[in-house]
Amino acid sequence: MKKQTKTPAQVLKTLPRKAAHVVIDAEGDGLDGYPGYGEQAETATPEQVLASASVSTILAIATVNATLPSRVIARILTPPSLALVVGVPGADWVSPIAHALTSFRAWTEVLKRDGSKKVSDKGSVGNDFVAGALAAGRSVLGVSTAPDRYLPAALMTAADLRVDIGAPNARAIRATIRLVTGRRGGPIPVDIIRGLSFDEITACLRKGSTSRDCIRRLKAASASKRSACSDLADVPLVEDTWGYGPAGDHARALVEAVKAHRLGAPWPAAGTRFVLAGPPGTGKTSLARSIAKSLGVGITATSVSSWFAQTGGYLNDICRKVDEIFLEASQAGGVLLIDEIDSLPNRETCDSRHREYWVNVVSHILTTLDGAVSSPASKLIIIGATNFPERLDPALTRPGRLDRIVRIDLPDEVAIQGILRQHLAGDLDDQDLAPIAAIGAGATGADIAGWASGARMVAAAAKRPMTMMDLLARIVPPETRSPAEQLSVARHEASHAVALELKGAADVTTVSIVAKGEFAGRTSSRLNDTSKMSPSELDDLIVCILAGRAADQHFGAVTSGSAGGSRSDLAHATALVAGKHASWGLGKSLLYRGDQDDALALIRFDPAFRRTCEEDLSRLYEVSRDLVSRNGDLIDRIAHRLVECRVIGGAEVRAIIADATTALAKGAPQSRKGGPHA
């Protein structure tokens, strides 16, 4: 009497401890005895099965059984005809999974397609055969990396079941190791095969080896894949990055979501496909690399321009190159970065002479992208990068593809400090970087990284530690003004700083004599709420603005450099005085005569209003001159420090003022100008 043949699931549950009787097929993989596969042959013991079956076959069957629900397996085993479509992670999975599924039942046709055959691997090929087979009550199996793209349309439409088989989980790996080695393995990490292809997993599971050695090889292979991108060594983790704004928030959320997925949460599909957009040098590529490093995965980096550079530009060559890149990324897992994605033109605005070519190229890329995100390889993180998001084809960024544009703007002063600290890597730890950040406003992340590396190179060449002057020299051009001119500018800016601090009108953040644009120097501060100023607070602010001109007069002579432009101190003070009397009701009249622009116009056309503003401005200028006169030595001390450093922070300004105040309180000998006086 012939002994009962076991299903693959039953064999995996019982082997090798219990006897099970299967048959050996001609290929020697121990599968012909499974229901519906070939002719029955001689029965064999489990030991004989294990001795003859290939590791890839065992792994594929274990993966199928660990992935598919029992109800799906039961439907596959049911005798009536069946149209089954299976998606797999990569090309090397196609044949093993197809072969494993032939152990469940007889198939009239088994279609195995991964896109490598440009002619036959098309959805339009094989429709007549599939239709005829299914109409005759037979069964058809299709296995593909992207079923919608490569399998016949007739099979996709008529499929009774459509399933995706992903990478084997710990249960499948444990079962395979047990079947291959004859022993149970130890604890298996959930990410033990992360980044490994089917063939790489198979190569680590060797007959005649121990279960411990199999697990060790898998761990080592996965670790080597995660560290394969050596250029990630100097990349910070996402949590340590600075200056990315909303893009940084998105990256941190993505990393946390993927880590949660590894512990059982759903895959965060919508957040894993997006475009990073921002000016050149803002760190789009660096952020993508940080995401890869934070997740412990590799990154496949490509660019649209490289597709054309590496091919002849012919349509078929470009399409083949795109397929190769996506297949490589799918097999490697991790992050796929597509740089310069704006090089793909918007089909709606494309030049009519080349429209047909570009429509075909873009359409193929969209189809490839659809296949990548709809298959088991959808666990790939796909990031586009562009300097010009407005040029992108709308279809590229619709939901389901690269479905959001995440912008990266230029870093603000706080972010500049953080980026500098990151790239200084411990140098200048005891220095306040706020002044550097202030004069470096408008720089990109690449600029800031260049400052740090350039300063380090200069210090290393001189065989000494890095100094702030090394860093400053990378940011601003060498000083070309005479010492007397530098001191004059320094006194002007120092007077602003002293007045702001003594009047309590603002907190000074930086004082600089670095020439930038139309400004010979600059004092930056955090002003109090200007929307709720009292008349005395507004007067104090105007006094602080006029303090620079007062210093010019006190230490030498007022020149045209003290005014002249619409952004000058005198223009700013005049506008505030005009607003005081015509806009805000803080002067002699409660009458509202317009906004500040209207008030300035009144100065030109209303003689009475002009006299009112002139008298008030002159009065406040005298207050400013008195403040500068009584604090001349303090201003001069700060000015000389500015000439030495070119830029100092608000904390240092306040420290110098505090020293003078302390000396005055202790009755220390004072200069002829005395200590600080508001």
# chains A, B, ... in the order shown; residues from 1 in each chain; ligands from 1
$ select_by_dssp --residues "range 204-355 of chain A" --states "alpha helix (DSSP H)" --output "count of residues only"
71
$ closest_residue --among "A:Asp128, A:Thr57, A:Met469, A:Ser211" --to "Asp199 in chain A" --atoms "only C-alpha atoms"
A:Thr57
$ closest_residue --among "A:Thr612, A:Thr210, A:Thr661, A:Thr302" --to "Gly579 in chain A" --atoms "only C-alpha atoms"
A:Thr612
$ atom_distance --atom1 "CA of Tyr357 in chain A" --atom2 "CA of Ala372 in chain A"
22.8 Å
$ select_by_dssp --residues "range 420-654 of chain A" --states "strand (DSSP E or B)" --output "list in words"
Ala506, Asp507, Val508, Thr509, Thr510, Val511, Ser512, Lys516, Phe519, Arg522, Thr523, Ser524, Ser525, Arg526, Leu527, Val647, Ile648 and Gly649 of chain A
$ residues_around --residues "Val577 in chain A" --least-positions-apart "4" --cutoff "8 Å" --atoms "only C-alpha atoms" --output "ChimeraX atom specification"
/A:542,573,581,613,616-617
$ write_last_selection --atoms "C-alpha atoms" --output "compact mmCIF listing (two decimals), in the first residue's frame"
# COMPACT_ATOMS: atom_id res chain seq x y z
CA ILE A 542 15.95 105.91 17.95
CA ALA A 573 15.73 106.84 12.52
CA HIS A 581 4.11 111.57 14.78
CA CYS A 613 10.17 115.62 12.83
CA ASP A 616 12.37 115.63 17.55
CA LEU A 617 15.19 113.96 15.59
$ closest_residue --among "A:Leu576, A:Leu591, A:Val143, A:Cys204" --to "Met156 in chain A" --atoms "only C-alpha atoms"
A:Val143
$ residues_around --residues "His492 in chain A" --least-positions-apart "6" --cutoff "12 Å" --atoms "only C-alpha atoms" --output "VMD selection string"
chain A and resid 485 to 486 498 to 499 511 to 513 519 to 523 544 to 559 561 to 562 569 628 632 635 to 636 638 to 640 642 to 643
$ residues_around --residues "Ala253 in chain A" --least-positions-apart "6" --cutoff "12 Å" --atoms "only C-alpha atoms" --output "list in words"
Val238, Glu239, Pro246, Ala247, Lys259, Ala260, Pro268, Ala270, Gly271, Thr272, Ile291, Ser294 and Leu295 of chain A
$ decode --residues "range 539-659 of chain A" --atoms "C-alpha atoms" --output "PDB file, in the first residue's frame"
ATOM      1  CA  ASP A 539      12.746 107.230  21.710  1.00  0.00           C
ATOM      2  CA  ASP A 540      15.331 104.892  23.263  1.00  0.00           C
ATOM      3  CA  LEU A 541      15.428 102.806  20.101  1.00  0.00           C
ATOM      4  CA  ILE A 542      15.953 105.908  17.953  1.00  0.00           C
ATOM      5  CA  VAL A 543      18.769 107.038  20.291  1.00  0.00           C
ATOM      6  CA  CYS A 544      20.449 103.627  19.831  1.00  0.00           C
ATOM      7  CA  ILE A 545      20.169 103.901  16.049  1.00  0.00           C
ATOM      8  CA  LEU A 546      21.684 107.407  16.074  1.00  0.00           C
ATOM      9  CA  ALA A 547      24.503 106.309  18.389  1.00  0.00           C
ATOM     10  CA  GLY A 548      26.686 105.275  15.460  1.00  0.00           C
ATOM     11  CA  ARG A 549      26.564 108.745  13.941  1.00  0.00           C
ATOM     12  CA  ALA A 550      27.166 110.242  17.403  1.00  0.00           C
ATOM     13  CA  ALA A 551      30.281 108.068  17.756  1.00  0.00           C
ATOM     14  CA  ASP A 552      31.537 109.222  14.363  1.00  0.00           C
ATOM     15  CA  GLN A 553      31.261 112.814  15.574  1.00  0.00           C
ATOM     16  CA  HIS A 554      32.686 112.091  19.025  1.00  0.00           C
ATOM     17  CA  PHE A 555      35.803 110.227  17.827  1.00  0.00           C
ATOM     18  CA  GLY A 556      36.440 112.182  14.647  1.00  0.00           C
ATOM     19  CA  ALA A 557      34.041 113.605  12.112  1.00  0.00           C
ATOM     20  CA  VAL A 558      30.697 112.640  10.613  1.00  0.00           C
ATOM     21  CA  THR A 559      30.971 111.606   6.962  1.00  0.00           C
ATOM     22  CA  SER A 560      28.569 110.675   4.218  1.00  0.00           C
ATOM     23  CA  GLY A 561      29.089 107.065   5.285  1.00  0.00           C
ATOM     24  CA  SER A 562      26.749 107.706   8.223  1.00  0.00           C
ATOM     25  CA  ALA A 563      23.753 108.077   5.929  1.00  0.00           C
ATOM     26  CA  GLY A 564      22.904 108.269   2.256  1.00  0.00           C
ATOM     27  CA  GLY A 565      20.975 105.068   1.640  1.00  0.00           C
ATOM     28  CA  SER A 566      17.411 103.953   2.316  1.00  0.00           C
ATOM     29  CA  ARG A 567      18.796 101.324   4.718  1.00  0.00           C
ATOM     30  CA  SER A 568      21.155 103.660   6.564  1.00  0.00           C
ATOM     31  CA  ASP A 569      20.921 104.497  10.276  1.00  0.00           C
ATOM     32  CA  LEU A 570      19.736 108.041   9.539  1.00  0.00           C
ATOM     33  CA  ALA A 571      17.018 106.820   7.145  1.00  0.00           C
ATOM     34  CA  HIS A 572      15.821 104.273   9.698  1.00  0.00           C
ATOM     35  CA  ALA A 573      15.732 106.839  12.520  1.00  0.00           C
ATOM     36  CA  THR A 574      13.897 109.362  10.331  1.00  0.00           C
ATOM     37  CA  ALA A 575      11.261 106.793   9.384  1.00  0.00           C
ATOM     38  CA  LEU A 576      10.666 105.940  13.042  1.00  0.00           C
ATOM     39  CA  VAL A 577      10.293 109.609  13.995  1.00  0.00           C
ATOM     40  CA  ALA A 578       7.865 110.183  11.119  1.00  0.00           C
ATOM     41  CA  GLY A 579       5.833 107.134  12.130  1.00  0.00           C
ATOM     42  CA  LYS A 580       5.827 108.306  15.716  1.00  0.00           C
ATOM     43  CA  HIS A 581       4.106 111.568  14.776  1.00  0.00           C
ATOM     44  CA  ALA A 582       1.893 110.513  11.846  1.00  0.00           C
ATOM     45  CA  SER A 583       1.138 106.787  12.228  1.00  0.00           C
ATOM     46  CA  TRP A 584       1.201 105.672  15.843  1.00  0.00           C
ATOM     47  CA  GLY A 585      -0.131 108.678  17.751  1.00  0.00           C
ATOM     48  CA  LEU A 586       2.965 108.834  19.995  1.00  0.00           C
ATOM     49  CA  GLY A 587       3.921 112.443  19.190  1.00  0.00           C
ATOM     50  CA  LYS A 588       2.169 115.793  19.506  1.00  0.00           C
ATOM     51  CA  SER A 589      -0.914 114.781  17.519  1.00  0.00           C
ATOM     52  CA  LEU A 590      -3.325 111.850  17.766  1.00  0.00           C
ATOM     53  CA  LEU A 591      -4.218 112.213  14.093  1.00  0.00           C
ATOM     54  CA  TYR A 592      -3.498 109.165  11.937  1.00  0.00           C
ATOM     55  CA  ARG A 593      -2.118 110.369   8.617  1.00  0.00           C
ATOM     56  CA  GLY A 594      -1.081 107.068   7.064  1.00  0.00           C
ATOM     57  CA  ASP A 595       1.518 104.330   7.410  1.00  0.00           C
ATOM     58  CA  GLN A 596       5.269 104.904   7.545  1.00  0.00           C
ATOM     59  CA  ASP A 597       5.574 105.370   3.786  1.00  0.00           C
ATOM     60  CA  ASP A 598       2.850 108.014   3.928  1.00  0.00           C
ATOM     61  CA  ALA A 599       4.592 109.640   6.897  1.00  0.00           C
ATOM     62  CA  LEU A 600       7.868 109.881   4.973  1.00  0.00           C
ATOM     63  CA  ALA A 601       5.996 111.467   2.076  1.00  0.00           C
ATOM     64  CA  LEU A 602       4.602 114.069   4.481  1.00  0.00           C
ATOM     65  CA  ILE A 603       8.155 115.112   5.359  1.00  0.00           C
ATOM     66  CA  ARG A 604       8.696 116.048   1.729  1.00  0.00           C
ATOM     67  CA  PHE A 605       5.395 117.865   1.182  1.00  0.00           C
ATOM     68  CA  ASP A 606       4.288 119.226   4.586  1.00  0.00           C
ATOM     69  CA  PRO A 607       6.649 121.936   5.964  1.00  0.00           C
ATOM     70  CA  ALA A 608       4.998 121.961   9.423  1.00  0.00           C
ATOM     71  CA  PHE A 609       5.292 118.182   9.762  1.00  0.00           C
ATOM     72  CA  ARG A 610       8.885 118.363   8.519  1.00  0.00           C
ATOM     73  CA  ARG A 611       9.758 120.867  11.283  1.00  0.00           C
ATOM     74  CA  THR A 612       8.135 118.633  13.927  1.00  0.00           C
ATOM     75  CA  CYS A 613      10.172 115.618  12.830  1.00  0.00           C
ATOM     76  CA  GLU A 614      13.388 117.662  12.498  1.00  0.00           C
ATOM     77  CA  GLU A 615      13.050 119.054  16.027  1.00  0.00           C
ATOM     78  CA  ASP A 616      12.369 115.631  17.547  1.00  0.00           C
ATOM     79  CA  LEU A 617      15.195 113.964  15.592  1.00  0.00           C
ATOM     80  CA  SER A 618      17.655 116.670  16.648  1.00  0.00           C
ATOM     81  CA  ARG A 619      16.584 116.322  20.288  1.00  0.00           C
ATOM     82  CA  LEU A 620      17.119 112.562  20.270  1.00  0.00           C
ATOM     83  CA  TYR A 621      20.472 112.949  18.505  1.00  0.00           C
ATOM     84  CA  GLU A 622      21.681 115.156  21.354  1.00  0.00           C
ATOM     85  CA  VAL A 623      20.637 112.446  23.822  1.00  0.00           C
ATOM     86  CA  SER A 624      22.628 109.949  21.775  1.00  0.00           C
ATOM     87  CA  ARG A 625      25.690 112.208  21.679  1.00  0.00           C
ATOM     88  CA  ASP A 626      25.535 112.563  25.461  1.00  0.00           C
ATOM     89  CA  LEU A 627      25.338 108.777  25.916  1.00  0.00           C
ATOM     90  CA  VAL A 628      28.362 108.229  23.643  1.00  0.00           C
ATOM     91  CA  SER A 629      30.326 111.005  25.342  1.00  0.00           C
ATOM     92  CA  ARG A 630      29.765 109.557  28.824  1.00  0.00           C
ATOM     93  CA  ASN A 631      30.648 106.002  27.699  1.00  0.00           C
ATOM     94  CA  GLY A 632      33.471 106.820  25.292  1.00  0.00           C
ATOM     95  CA  ASP A 633      36.107 104.660  26.965  1.00  0.00           C
ATOM     96  CA  LEU A 634      33.762 101.668  27.133  1.00  0.00           C
ATOM     97  CA  ILE A 635      32.928 102.049  23.444  1.00  0.00           C
ATOM     98  CA  ASP A 636      36.601 102.405  22.603  1.00  0.00           C
ATOM     99  CA  ARG A 637      37.481  99.238  24.514  1.00  0.00           C
ATOM    100  CA  ILE A 638      34.879  97.212  22.625  1.00  0.00           C
ATOM    101  CA  ALA A 639      36.003  98.817  19.339  1.00  0.00           C
ATOM    102  CA  HIS A 640      39.624  97.767  19.817  1.00  0.00           C
ATOM    103  CA  ARG A 641      38.467  94.230  20.583  1.00  0.00           C
ATOM    104  CA  LEU A 642      36.476  94.314  17.348  1.00  0.00           C
ATOM    105  CA  VAL A 643      39.516  95.404  15.351  1.00  0.00           C
ATOM    106  CA  GLU A 644      41.383  92.453  16.818  1.00  0.00           C
ATOM    107  CA  CYS A 645      38.670  89.828  16.179  1.00  0.00           C
ATOM    108  CA  ARG A 646      36.559  91.433  13.411  1.00  0.00           C
ATOM    109  CA  VAL A 647      33.444  89.940  15.016  1.00  0.00           C
ATOM    110  CA  ILE A 648      32.406  89.368  18.637  1.00  0.00           C
ATOM    111  CA  GLY A 649      29.296  87.973  20.256  1.00  0.00           C
ATOM    112  CA  GLY A 650      26.743  89.707  22.413  1.00  0.00           C
ATOM    113  CA  ALA A 651      27.896  87.734  25.454  1.00  0.00           C
ATOM    114  CA  GLU A 652      31.363  89.284  25.176  1.00  0.00           C
ATOM    115  CA  VAL A 653      29.886  92.778  24.792  1.00  0.00           C
ATOM    116  CA  ARG A 654      27.850  92.280  27.954  1.00  0.00           C
ATOM    117  CA  ALA A 655      30.888  90.895  29.785  1.00  0.00           C
ATOM    118  CA  ILE A 656      32.927  94.014  28.956  1.00  0.00           C
ATOM    119  CA  ILE A 657      30.056  96.264  30.108  1.00  0.00           C
ATOM    120  CA  ALA A 658      29.707  94.213  33.312  1.00  0.00           C
ATOM    121  CA  ASP A 659      33.450  94.537  34.017  1.00  0.00           C
TER     122      ASP A 659
END
